[in-house]
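Reviewing the structure listed below.
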Amino acid sequence: MTITILVPPMLRACCGGASELFLSAPTVRAALEQLEQNHPSLYRSICDETGRVRRHVNLFVNTSHVRDREGLDTALAPGDVITILPAVSGG
């Protein structure tokens with residue numbers, strides 16, 4: 001079961017410049033655990049030291065925000081896309 005993780009430009013340096021990562025995971029939590037093992041700096045940009053998604057980072061599975069689903073326990077299906085969307089601010 002392959003899923004795709006879309007990495008925004010500002011975080012690509014954390015994963016060797018990749019714009020997409022492909023992995024197999026049954027849930028968002030399992031996908032993040034794989035990121036922690038394979039791309040620890042990317043994981044630290046997404047999650048804090050307690051394993052929670054940072055306040056300024058949004059995760060979407062396809063078009064649904066994970067907080068509107070089952071959070072990190074949101075189930076994944078083959079072909080799903082997780083989009084990492086950091087908040088942008090400025091003036």
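Labels used: A, B, ... for chains in the order of the structure tokens, numbers from 1 for residues in each chain, and numbers from 1 for ligands as shown.
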Test item: residues at most 7 Å from region 56-60 of chain A, only C-alpha atoms, excluding those fewer than 6 positions along its chain, as an MDAnalysis selection string: chainID A and resid 46 66 82:87
DSSP on the backbone, strand (DSSP E or B) only: what residues of chain A does that give? Format it as a ChimeraX atom specification. /A:3-6,20-23,27,47,53,57-61,64-65,75,81-86
Selection from above, N, CA, C and O atoms, as an mmCIF file, in the first residue's frame, can you write it?
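As a result, again15.cif now contains:
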```cif
data_model
loop_
_atom_site.group_PDB
_atom_site.id
_atom_site.type_symbol
_atom_site.label_atom_id
_atom_site.label_comp_id
_atom_site.auth_asym_id
_atom_site.auth_seq_id
_atom_site.Cartn_x
_atom_site.Cartn_y
_atom_site.Cartn_z
ATOM 1 N N ILE A 3 1.532 5.232 -0.253
ATOM 2 C CA ILE A 3 0.949 6.566 -0.130
ATOM 3 C C ILE A 3 2.027 7.573 -0.493
ATOM 4 O O ILE A 3 3.218 7.254 -0.508
ATOM 5 N N THR A 4 1.616 8.800 -0.764
ATOM 6 C CA THR A 4 2.534 9.861 -1.134
ATOM 7 C C THR A 4 2.478 10.958 -0.084
ATOM 8 O O THR A 4 1.393 11.330 0.367
ATOM 9 N N ILE A 5 3.631 11.456 0.295
ATOM 10 C CA ILE A 5 3.700 12.619 1.175
ATOM 11 C C ILE A 5 4.247 13.769 0.349
ATOM 12 O O ILE A 5 5.332 13.668 -0.229
ATOM 13 N N LEU A 6 3.475 14.849 0.260
ATOM 14 C CA LEU A 6 3.908 16.044 -0.464
ATOM 15 C C LEU A 6 4.649 16.956 0.501
ATOM 16 O O LEU A 6 4.093 17.363 1.531
ATOM 17 N N GLU A 20 8.347 14.869 -3.033
ATOM 18 C CA GLU A 20 7.404 13.803 -2.695
ATOM 19 C C GLU A 20 8.172 12.658 -2.065
ATOM 20 O O GLU A 20 9.294 12.358 -2.462
ATOM 21 N N LEU A 21 7.547 12.039 -1.085
ATOM 22 C CA LEU A 21 8.089 10.834 -0.474
ATOM 23 C C LEU A 21 7.047 9.744 -0.616
ATOM 24 O O LEU A 21 5.841 10.003 -0.480
ATOM 25 N N PHE A 22 7.488 8.541 -0.888
ATOM 26 C CA PHE A 22 6.577 7.419 -1.071
ATOM 27 C C PHE A 22 6.860 6.393 0.016
ATOM 28 O O PHE A 22 8.008 6.011 0.233
ATOM 29 N N LEU A 23 5.811 5.977 0.708
ATOM 30 C CA LEU A 23 5.973 4.971 1.739
ATOM 31 C C LEU A 23 4.692 4.176 1.904
ATOM 32 O O LEU A 23 3.675 4.489 1.293
ATOM 33 N N THR A 27 -1.725 4.197 8.767
ATOM 34 C CA THR A 27 -2.309 5.391 9.397
ATOM 35 C C THR A 27 -1.349 6.569 9.255
ATOM 36 O O THR A 27 -0.164 6.393 8.958
ATOM 37 N N CYS A 47 6.484 17.508 13.928
ATOM 38 C CA CYS A 47 6.032 17.115 15.262
ATOM 39 C C CYS A 47 6.947 17.668 16.341
ATOM 40 O O CYS A 47 8.149 17.817 16.137
ATOM 41 N N VAL A 53 1.564 16.956 16.383
ATOM 42 C CA VAL A 53 1.810 17.830 15.242
ATOM 43 C C VAL A 53 1.907 19.262 15.760
ATOM 44 O O VAL A 53 1.082 19.701 16.570
ATOM 45 N N VAL A 57 1.627 23.641 11.887
ATOM 46 C CA VAL A 57 1.675 22.696 10.768
ATOM 47 C C VAL A 57 0.309 22.044 10.613
ATOM 48 O O VAL A 57 -0.302 21.603 11.583
ATOM 49 N N ASN A 58 -0.164 21.991 9.379
ATOM 50 C CA ASN A 58 -1.426 21.326 9.068
ATOM 51 C C ASN A 58 -1.127 20.102 8.214
ATOM 52 O O ASN A 58 -0.284 20.154 7.323
ATOM 53 N N LEU A 59 -1.819 19.007 8.505
ATOM 54 C CA LEU A 59 -1.688 17.790 7.720
ATOM 55 C C LEU A 59 -3.033 17.457 7.097
ATOM 56 O O LEU A 59 -4.060 17.426 7.786
ATOM 57 N N PHE A 60 -3.011 17.223 5.809
ATOM 58 C CA PHE A 60 -4.216 16.850 5.079
ATOM 59 C C PHE A 60 -4.034 15.461 4.481
ATOM 60 O O PHE A 60 -2.944 15.139 3.987
ATOM 61 N N VAL A 61 -5.073 14.663 4.532
ATOM 62 C CA VAL A 61 -5.106 13.409 3.785
ATOM 63 C C VAL A 61 -6.067 13.664 2.643
ATOM 64 O O VAL A 61 -7.255 13.912 2.859
ATOM 65 N N SER A 64 -8.902 16.391 3.141
ATOM 66 C CA SER A 64 -9.447 16.530 4.498
ATOM 67 C C SER A 64 -8.344 16.741 5.527
ATOM 68 O O SER A 64 -7.366 15.993 5.561
ATOM 69 N N HIS A 65 -8.528 17.746 6.366
ATOM 70 C CA HIS A 65 -7.593 17.983 7.463
ATOM 71 C C HIS A 65 -7.719 16.819 8.439
ATOM 72 O O HIS A 65 -8.828 16.389 8.760
ATOM 73 N N ALA A 75 -6.992 6.518 9.062
ATOM 74 C CA ALA A 75 -6.569 5.387 8.222
ATOM 75 C C ALA A 75 -6.189 5.877 6.832
ATOM 76 O O ALA A 75 -6.759 6.840 6.312
ATOM 77 N N VAL A 81 -2.819 10.738 -0.426
ATOM 78 C CA VAL A 81 -1.774 11.748 -0.418
ATOM 79 C C VAL A 81 -1.865 12.529 0.882
ATOM 80 O O VAL A 81 -2.919 13.055 1.229
ATOM 81 N N ILE A 82 -0.741 12.575 1.610
ATOM 82 C CA ILE A 82 -0.650 13.419 2.798
ATOM 83 C C ILE A 82 0.069 14.684 2.367
ATOM 84 O O ILE A 82 1.181 14.634 1.824
ATOM 85 N N THR A 83 -0.561 15.815 2.622
ATOM 86 C CA THR A 83 0.041 17.110 2.308
ATOM 87 C C THR A 83 0.455 17.776 3.608
ATOM 88 O O THR A 83 -0.351 17.895 4.535
ATOM 89 N N ILE A 84 1.711 18.184 3.681
ATOM 90 C CA ILE A 84 2.234 18.926 4.825
ATOM 91 C C ILE A 84 2.107 20.406 4.467
ATOM 92 O O ILE A 84 2.660 20.853 3.455
ATOM 93 N N LEU A 85 1.353 21.145 5.272
ATOM 94 C CA LEU A 85 1.123 22.545 4.965
ATOM 95 C C LEU A 85 1.445 23.408 6.186
ATOM 96 O O LEU A 85 0.605 23.599 7.061
ATOM 97 N N PRO A 86 2.677 23.927 6.251
ATOM 98 C CA PRO A 86 3.018 24.828 7.351
ATOM 99 C C PRO A 86 2.265 26.154 7.196
ATOM 100 O O PRO A 86 2.042 26.614 6.077
#
```
Could you check the closest approach to Cys15 (chain A) for each of A:Glu36, A:Leu42, A:Met1, A:Arg55 and tell me which residue wins, using only C-alpha atoms? A:Leu42
Hey, which of A:Ser24, A:Thr74, A:Arg12, A:Leu32 ends up closest to Gly51 (chain A)? Count only C-alpha atoms. A:Leu32
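Between CA of Asp73 (chain A) and CA of Pro40 (chain A) the interatomic distance comes to 20.3 Å.
Between CA of Leu72 (chain A) and CA of Arg52 (chain A) the separation is 8.7 Å.
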Please return, as a ChimeraX atom specification, all residues of chain A that DSSP assigns to helix (DSSP H, G or I) on the basis of the backbone. /A:9-15,28-38,40-46,66-68,71-73
Selected residues written out, C-alpha atoms, as a PDB file, in the first residue's frame:
```
ATOM      1  CA  PRO A   9       9.507  23.752  -0.629  1.00  0.00           C
ATOM      2  CA  MET A  10      10.526  25.176   2.765  1.00  0.00           C
ATOM      3  CA  LEU A  11      10.967  21.653   4.227  1.00  0.00           C
ATOM      4  CA  ARG A  12      12.606  19.888   1.276  1.00  0.00           C
ATOM      5  CA  ALA A  13      16.110  20.427   2.643  1.00  0.00           C
ATOM      6  CA  CYS A  14      15.057  18.119   5.495  1.00  0.00           C
ATOM      7  CA  CYS A  15      14.632  15.197   3.088  1.00  0.00           C
ATOM      8  CA  VAL A  28      -1.007   8.951   9.519  1.00  0.00           C
ATOM      9  CA  ARG A  29       0.726   8.103  12.808  1.00  0.00           C
ATOM     10  CA  ALA A  30       2.561   5.189  11.168  1.00  0.00           C
ATOM     11  CA  ALA A  31       3.598   7.442   8.275  1.00  0.00           C
ATOM     12  CA  LEU A  32       5.023   9.971  10.747  1.00  0.00           C
ATOM     13  CA  GLU A  33       6.879   7.176  12.564  1.00  0.00           C
ATOM     14  CA  GLN A  34       8.509   6.219   9.269  1.00  0.00           C
ATOM     15  CA  LEU A  35       9.465   9.849   8.697  1.00  0.00           C
ATOM     16  CA  GLU A  36      11.005   9.935  12.169  1.00  0.00           C
ATOM     17  CA  GLN A  37      13.217   6.966  11.243  1.00  0.00           C
ATOM     18  CA  ASN A  38      14.089   7.935   7.657  1.00  0.00           C
ATOM     19  CA  PRO A  40      14.336  12.846  11.378  1.00  0.00           C
ATOM     20  CA  SER A  41      14.793  16.543  10.640  1.00  0.00           C
ATOM     21  CA  LEU A  42      11.590  16.570   8.568  1.00  0.00           C
ATOM     22  CA  TYR A  43       9.776  14.773  11.380  1.00  0.00           C
ATOM     23  CA  ARG A  44      11.027  17.356  13.919  1.00  0.00           C
ATOM     24  CA  SER A  45       9.718  20.115  11.649  1.00  0.00           C
ATOM     25  CA  ILE A  46       6.261  18.503  11.716  1.00  0.00           C
ATOM     26  CA  VAL A  66      -6.640  15.164   9.833  1.00  0.00           C
ATOM     27  CA  ARG A  67      -8.161  17.009  12.787  1.00  0.00           C
ATOM     28  CA  ASP A  68     -11.539  16.767  11.018  1.00  0.00           C
ATOM     29  CA  GLY A  71      -6.350  12.792  13.916  1.00  0.00           C
ATOM     30  CA  LEU A  72      -3.114  10.839  13.718  1.00  0.00           C
ATOM     31  CA  ASP A  73      -5.125   7.617  13.727  1.00  0.00           C
TER      32      ASP A  73
END
```
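Going from CA of Pro78 (chain A) to CA of Thr50 (chain A) covers 28.1 Å.
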